[in-house]
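Next comes data-v9.cif, a file with mmCIF, C-alpha atoms and all ligand atoms.
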data_upload
#
loop_
_atom_site.label_atom_id
_atom_site.label_comp_id
_atom_site.auth_asym_id
_atom_site.auth_seq_id
_atom_site.Cartn_x
_atom_site.Cartn_y
_atom_site.Cartn_z
CA MET A 544 -13.85 9.14 -6.12
CA ARG A 545 -10.42 8.29 -4.67
CA ARG A 546 -7.41 9.05 -6.86
CA PRO A 547 -5.24 5.95 -7.29
CA LEU A 548 -1.69 5.99 -5.95
CA VAL A 549 1.10 3.68 -7.06
CA ALA A 550 4.20 3.84 -4.91
CA GLY A 551 7.52 2.13 -5.53
CA ASN A 552 9.41 1.12 -2.41
CA TRP A 553 12.97 0.61 -3.58
CA LYS A 554 14.06 -0.62 -0.12
CA MET A 555 17.87 -0.93 0.21
CA HIS A 556 18.50 -1.22 -3.51
CA GLY A 557 20.39 0.72 -6.12
CA THR A 558 23.58 2.54 -6.93
CA CYS A 559 23.86 6.08 -8.27
CA ALA A 560 24.19 4.64 -11.75
CA SER A 561 21.37 2.10 -11.52
CA ILE A 562 18.77 4.49 -10.07
CA LYS A 563 19.64 7.10 -12.70
CA GLN A 564 19.03 4.49 -15.39
CA LEU A 565 15.79 3.32 -13.73
CA LEU A 566 14.43 6.86 -13.57
CA THR A 567 15.42 7.63 -17.14
CA GLU A 568 13.51 4.59 -18.32
CA LEU A 569 10.58 5.44 -16.08
CA THR A 570 10.24 9.08 -17.07
CA GLU A 571 10.46 8.16 -20.75
CA GLN A 572 7.22 6.21 -20.44
CA ALA A 573 3.72 7.61 -20.62
CA LEU A 574 2.38 7.39 -17.08
CA PRO A 575 -1.35 7.98 -16.61
CA LEU A 576 -2.23 11.48 -15.42
CA SER A 577 -5.12 10.07 -13.40
CA VAL A 578 -2.72 8.23 -11.07
CA ASP A 579 -0.42 9.64 -8.39
CA VAL A 580 3.01 8.05 -8.68
CA ALA A 581 5.60 8.08 -5.91
CA VAL A 582 9.00 6.49 -5.43
CA PHE A 583 10.72 5.76 -2.13
CA PRO A 584 14.47 5.43 -2.69
CA SER A 585 17.17 4.93 -0.07
CA LEU A 586 17.87 8.04 1.96
CA ILE A 587 21.21 8.63 0.27
CA HIS A 588 19.57 8.79 -3.16
CA LEU A 589 16.67 11.09 -2.28
CA GLN A 590 18.27 14.29 -3.50
CA THR A 591 19.41 12.89 -6.86
CA VAL A 592 16.06 11.20 -7.44
CA GLY A 593 14.23 14.39 -6.48
CA ALA A 594 16.22 16.35 -9.05
CA GLN A 595 15.61 13.77 -11.74
CA VAL A 596 11.83 13.62 -11.25
CA ALA A 597 11.41 17.38 -10.73
CA SER A 598 9.96 17.96 -14.19
CA SER A 599 7.66 14.91 -14.02
CA ASN A 600 4.57 14.15 -11.95
CA ILE A 601 6.45 11.63 -9.83
CA VAL A 602 6.88 12.59 -6.19
CA ILE A 603 9.43 11.27 -3.74
CA GLY A 604 9.12 9.82 -0.28
CA ALA A 605 11.39 8.33 2.37
CA GLN A 606 11.22 4.82 3.82
CA ASP A 607 11.28 5.92 7.45
CA CYS A 608 11.69 8.95 9.72
CA ALA A 609 12.77 9.63 13.28
CA VAL A 610 10.28 9.76 16.13
CA GLN A 611 11.58 13.23 16.95
CA LEU A 612 10.54 16.09 14.70
CA GLU A 613 13.21 18.63 15.56
CA GLU A 614 16.87 18.16 14.84
CA GLY A 615 18.97 16.84 17.69
CA ALA A 616 21.61 14.44 18.93
CA LEU A 617 20.21 11.30 17.31
CA THR A 618 23.07 9.71 15.38
CA GLY A 619 22.00 7.96 12.22
CA GLU A 620 18.42 9.24 12.32
CA THR A 621 16.70 11.55 9.86
CA SER A 622 13.87 13.81 10.93
CA ALA A 623 10.65 14.34 9.02
CA LEU A 624 11.52 18.04 8.74
CA GLN A 625 14.81 17.16 7.04
CA LEU A 626 12.91 14.91 4.64
CA LYS A 627 10.49 17.72 3.87
CA ASP A 628 13.40 20.08 3.37
CA ILE A 629 14.98 17.78 0.78
CA GLY A 630 11.74 17.61 -1.21
CA CYS A 631 9.88 14.58 0.12
CA SER A 632 6.10 14.71 0.24
CA MET A 633 5.52 11.27 1.76
CA VAL A 634 7.10 8.83 4.18
CA LEU A 635 6.51 5.14 4.85
CA ILE A 636 5.70 4.46 8.49
CA GLY A 637 5.79 1.03 10.12
CA HIS A 638 6.85 -1.09 7.18
CA SER A 639 6.80 -4.73 8.28
CA GLU A 640 10.53 -5.05 7.60
CA ARG A 641 11.15 -2.31 10.16
CA ARG A 642 8.62 -3.78 12.59
CA GLN A 643 10.50 -7.08 12.33
CA LEU A 644 14.14 -6.08 11.83
CA GLN A 645 14.19 -2.94 13.99
CA ASP A 646 11.61 -4.07 16.54
CA GLU A 647 9.42 -1.06 15.80
CA THR A 648 6.41 -1.12 18.08
CA ASP A 649 2.96 0.37 17.52
CA ARG A 650 3.89 3.10 20.00
CA VAL A 651 7.02 4.08 18.05
CA ILE A 652 5.09 3.95 14.80
CA CYS A 653 2.46 6.30 16.19
CA ARG A 654 5.17 8.79 17.20
CA LYS A 655 6.69 8.65 13.71
CA PHE A 656 3.23 9.18 12.21
CA ILE A 657 2.81 12.32 14.36
CA ALA A 658 6.27 13.61 13.34
CA ALA A 659 5.55 13.02 9.65
CA GLN A 660 2.32 14.99 9.70
CA ALA A 661 3.81 17.75 11.81
CA ALA A 662 6.47 18.20 9.12
CA GLY A 663 3.85 18.38 6.38
CA LEU A 664 4.53 14.91 4.98
CA THR A 665 1.84 12.38 4.15
CA PRO A 666 2.45 9.23 6.19
CA VAL A 667 1.87 5.90 4.47
CA LEU A 668 1.01 3.67 7.42
CA CYS A 669 1.94 0.07 6.62
CA VAL A 670 -0.04 -2.73 8.25
CA GLY A 671 -0.31 -6.46 7.68
CA GLU A 672 -0.38 -9.84 9.35
CA THR A 673 2.22 -12.61 9.36
CA LEU A 674 1.48 -16.07 7.99
CA GLU A 675 1.11 -17.43 11.54
CA GLU A 676 -1.42 -14.74 12.36
CA ARG A 677 -3.39 -15.46 9.17
CA GLU A 678 -3.39 -19.18 9.82
CA ALA A 679 -4.58 -18.57 13.38
CA GLY A 680 -7.52 -16.53 12.04
CA GLN A 681 -5.97 -13.34 13.41
CA ALA A 682 -5.46 -11.35 10.19
CA GLN A 683 -8.26 -8.88 10.76
CA ALA A 684 -7.48 -8.42 14.45
CA THR A 685 -3.79 -7.78 13.75
CA VAL A 686 -4.46 -5.21 11.06
CA GLN A 687 -7.09 -3.50 13.20
CA ARG A 688 -4.69 -3.28 16.13
CA GLN A 689 -2.06 -1.66 13.88
CA VAL A 690 -4.58 0.85 12.52
CA ASP A 691 -5.93 1.55 16.00
CA ALA A 692 -2.42 2.37 17.25
CA VAL A 693 -2.85 5.59 15.28
CA LEU A 694 -6.62 5.95 14.98
CA LEU A 695 -7.52 5.57 18.64
CA GLU A 696 -4.47 7.45 19.86
CA LEU A 697 -4.77 10.47 17.55
CA GLY A 698 -8.37 10.51 16.37
CA VAL A 699 -9.87 9.71 13.00
CA ASP A 700 -9.18 13.11 11.44
CA VAL A 701 -5.46 12.35 11.13
CA LEU A 702 -6.39 9.85 8.44
CA LYS A 703 -7.57 12.71 6.21
CA ASN A 704 -3.96 13.29 5.30
CA ALA A 705 -2.59 9.76 5.36
CA VAL A 706 -2.51 6.62 3.30
CA ILE A 707 -2.80 3.09 4.61
CA ALA A 708 -0.88 0.28 2.90
CA TYR A 709 -2.08 -3.25 3.59
CA GLU A 710 0.90 -5.53 3.10
CA PRO A 711 0.43 -9.10 4.31
CA VAL A 712 3.90 -10.10 5.52
CA TRP A 713 3.65 -13.52 3.91
CA ALA A 714 3.17 -11.90 0.48
CA ILE A 715 6.17 -9.56 0.63
CA GLY A 716 9.00 -10.58 -1.65
CA THR A 717 7.76 -14.16 -1.70
CA GLY A 718 5.93 -14.18 -5.03
CA LEU A 719 2.84 -15.20 -3.02
CA THR A 720 0.29 -12.49 -3.74
CA ALA A 721 -2.90 -12.29 -1.75
CA THR A 722 -5.75 -13.09 -4.10
CA PRO A 723 -7.77 -10.02 -5.10
CA GLU A 724 -10.58 -11.38 -2.88
CA GLN A 725 -8.29 -11.86 0.14
CA ALA A 726 -6.89 -8.35 -0.27
CA GLN A 727 -10.31 -6.79 -0.86
CA GLU A 728 -11.67 -8.47 2.28
CA ILE A 729 -9.06 -6.82 4.52
CA HIS A 730 -9.27 -3.48 2.70
CA ALA A 731 -13.03 -3.42 3.17
CA GLN A 732 -12.59 -4.30 6.86
CA ILE A 733 -10.13 -1.44 7.34
CA ARG A 734 -12.49 1.02 5.63
CA ALA A 735 -15.49 -0.22 7.60
CA HIS A 736 -13.52 0.10 10.83
CA VAL A 737 -12.52 3.69 10.05
CA ALA A 738 -16.13 4.42 9.05
CA LYS A 739 -17.24 3.65 12.62
CA TYR A 740 -15.47 6.90 13.54
CA SER A 741 -16.10 8.94 10.38
CA ALA A 742 -17.87 7.83 7.21
CA SER A 743 -16.41 10.69 5.18
CA VAL A 744 -12.81 10.05 6.29
CA ALA A 745 -13.26 6.35 5.48
CA GLN A 746 -14.66 7.21 2.08
CA GLY A 747 -11.72 9.44 1.18
CA LEU A 748 -8.99 7.20 2.64
CA ARG A 749 -6.64 5.63 0.11
CA ILE A 750 -5.78 2.04 1.01
CA LEU A 751 -2.97 0.51 -1.06
CA TYR A 752 -2.20 -3.16 -1.44
CA GLY A 753 1.41 -4.36 -1.25
CA GLY A 754 2.96 -7.82 -1.54
CA SER A 755 4.32 -9.22 -4.81
CA VAL A 756 2.38 -6.77 -6.98
CA LYS A 757 3.51 -7.05 -10.58
CA ALA A 758 2.25 -6.05 -14.01
CA ALA A 759 0.58 -9.44 -14.42
CA ASN A 760 -1.62 -9.20 -11.30
CA ALA A 761 -2.03 -5.43 -10.81
CA ALA A 762 -5.17 -4.91 -12.89
CA GLU A 763 -7.10 -7.61 -11.04
CA LEU A 764 -6.07 -6.25 -7.65
CA PHE A 765 -6.80 -2.62 -8.56
CA ALA A 766 -10.24 -3.58 -9.90
CA GLN A 767 -11.36 -4.32 -6.32
CA ALA A 768 -13.66 -1.72 -4.83
CA ASP A 769 -11.49 -0.87 -1.81
CA ILE A 770 -8.02 -1.18 -3.37
CA ASP A 771 -6.84 2.29 -4.34
CA GLY A 772 -3.44 1.43 -5.76
CA GLY A 773 -0.30 -0.40 -4.76
CA LEU A 774 2.87 -0.25 -2.73
CA VAL A 775 5.28 -2.10 -4.96
CA GLY A 776 8.64 -3.53 -3.91
CA GLY A 777 10.62 -5.74 -6.30
CA ALA A 778 8.68 -4.87 -9.43
CA SER A 779 9.26 -1.14 -8.89
CA LEU A 780 12.96 -1.70 -9.65
CA ASN A 781 12.04 -2.53 -13.21
CA ALA A 782 10.84 0.55 -15.09
CA LYS A 783 8.75 -1.37 -17.59
CA GLU A 784 7.00 -3.40 -14.88
CA PHE A 785 6.41 -0.36 -12.70
CA GLY A 786 5.12 1.70 -15.63
CA ALA A 787 2.70 -1.09 -16.52
CA ILE A 788 1.50 -1.24 -12.91
CA CYS A 789 0.89 2.54 -12.94
CA ARG A 790 -1.09 2.18 -16.16
CA ALA A 791 -3.13 -0.66 -14.65
CA ALA A 792 -4.16 1.71 -11.85
CA GLY A 793 -5.30 4.27 -14.42
CA ASN A 794 -7.67 1.93 -16.21
P1 LIG B 801 7.34 -6.87 -2.94
O1 LIG B 801 6.51 -6.15 -3.98
O2 LIG B 801 8.75 -7.09 -3.37
O3 LIG B 801 6.65 -8.10 -2.45
O4 LIG B 801 7.43 -5.87 -1.68
C1 LIG B 801 6.30 -5.30 -1.17
C2 LIG B 801 6.67 -4.27 -0.18
O5 LIG B 801 7.14 -4.57 0.90
C3 LIG B 801 6.49 -2.86 -0.54
O6 LIG B 801 6.65 -2.03 0.56
#
Whole structure given in C-alpha cells:
Amino acid sequence: MRRPLVAGNWKMHGTCASIKQLLTELTEQALPLSVDVAVFPSLIHLQTVGAQVASSNIVIGAQDCAVQLEEGALTGETSALQLKDIGCSMVLIGHSERRQLQDETDRVICRKFIAAQAAGLTPVLCVGETLEEREAGQAQATVQRQVDAVLLELGVDVLKNAVIAYEPVWAIGTGLTATPEQAQEIHAQIRAHVAKYSASVAQGLRILYGGSVKAANAAELFAQADIDGGLVGGASLNAKEFGAICRAAGN
C-alpha cells in the first residue's frame, strides 16, 4: 500500500507575512495522519517555514537545487547539501516551468536528481507533456523520455527513494485539469514502464498528479488506482483548499 503524499508548490509566491498567515491557518486544521504533507516555499522562506512547521507533520522541500553537490563558486545557486542542512527533506527536480523558462534539459535534470539523493533528499521528478505533444499523440513518449533520462541513466533502484509527479504542462495554472481517466492512463503507463525494470520498485513508487488540482476535483483524481496524491500549485496558497485536498487524499 503506497502512502499518499500531497505537496504544495508555492512557486514564486508569498511575503514573510503572507506565508506566516498561510501556515498558521494550515497548521490549525486537522490534517489526516495517513497522508504525508509537504510544502515547497521559495528558497528565502525555507528557514521560517521550517521553524513554523517543526511541531507538525508537515515537511519542507525546495523547488530546485544545483547540479553540483558540494559548495563552490556558483553564484545564485543552492546545493542539495545546503537544502538538507536547512531542514529540507525533498526537492522538486525538473519542474516544467524550469524546463521551459531556464532551458533545463534531461541531462541537467538527471544531474540534479543525483545531487539530491546524494545529499539525502527525496527528489520529486516532474514530468509532463505540452499541449502540442498531447495533440500530436506524443504524451506517453514524452513522459517516458523524461522518466528514462533518470531511469536508464541511473538504474531503477534510484526510484526507491524518489517520487514522480506527472504534470501535463497544459493543465498547469490554466484551470484545465486532466480528467481522472487521462491522468490515470499516464500514471499507469509510467508504473508499467518502471515495472519492466523492477516490479517491486514500480509497486512502491509514488506518482503524484499535478495541474489545477483543487478541493473540488481532488477526490476523483486520488480515487484512481495509480494516483498517489498531488503536487498542488495555486490551490496550495489557500489553507482551506489545501487542507481539503490533503483530507481528500486520506479518504
Ligand atoms: P497549479 O496547481 O497552479 O496548476 O500548478 C501545478 C504545478 O505546477 C505544481 O507544481
Give as a PyMOL selection string the residues surrounding ligand LIG 801 (chain B) up to a distance of 8 Å, considering only C-alpha atoms and all ligand atoms.
chain A and resi 551-554+638-640+669+710+712+714-718+720+753-757+774-779
So how many Å separate atom CA of His556 of chain A and atom CA of Leu780 of chain A, to one decimal?
8.3 Å
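Nearest residue to Asp691 of chain A among A:Asp649, A:Glu568, A:Asp579, A:Asp771 is A:Asp649, counting only C-alpha atoms.
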Point-to-point distance in Å for atom CA of Ala758 of chain A and atom CA of Val592 of chain A
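Between atom CA of Val592 of chain A and atom CA of Ala758 of chain A the gap is 23.1 Å.
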Using all atoms listed in the file, which residue out of A:Val667, A:Ile652, A:Ala791, A:Ile733 lies closest to Val686 of chain A?
A:Ile733
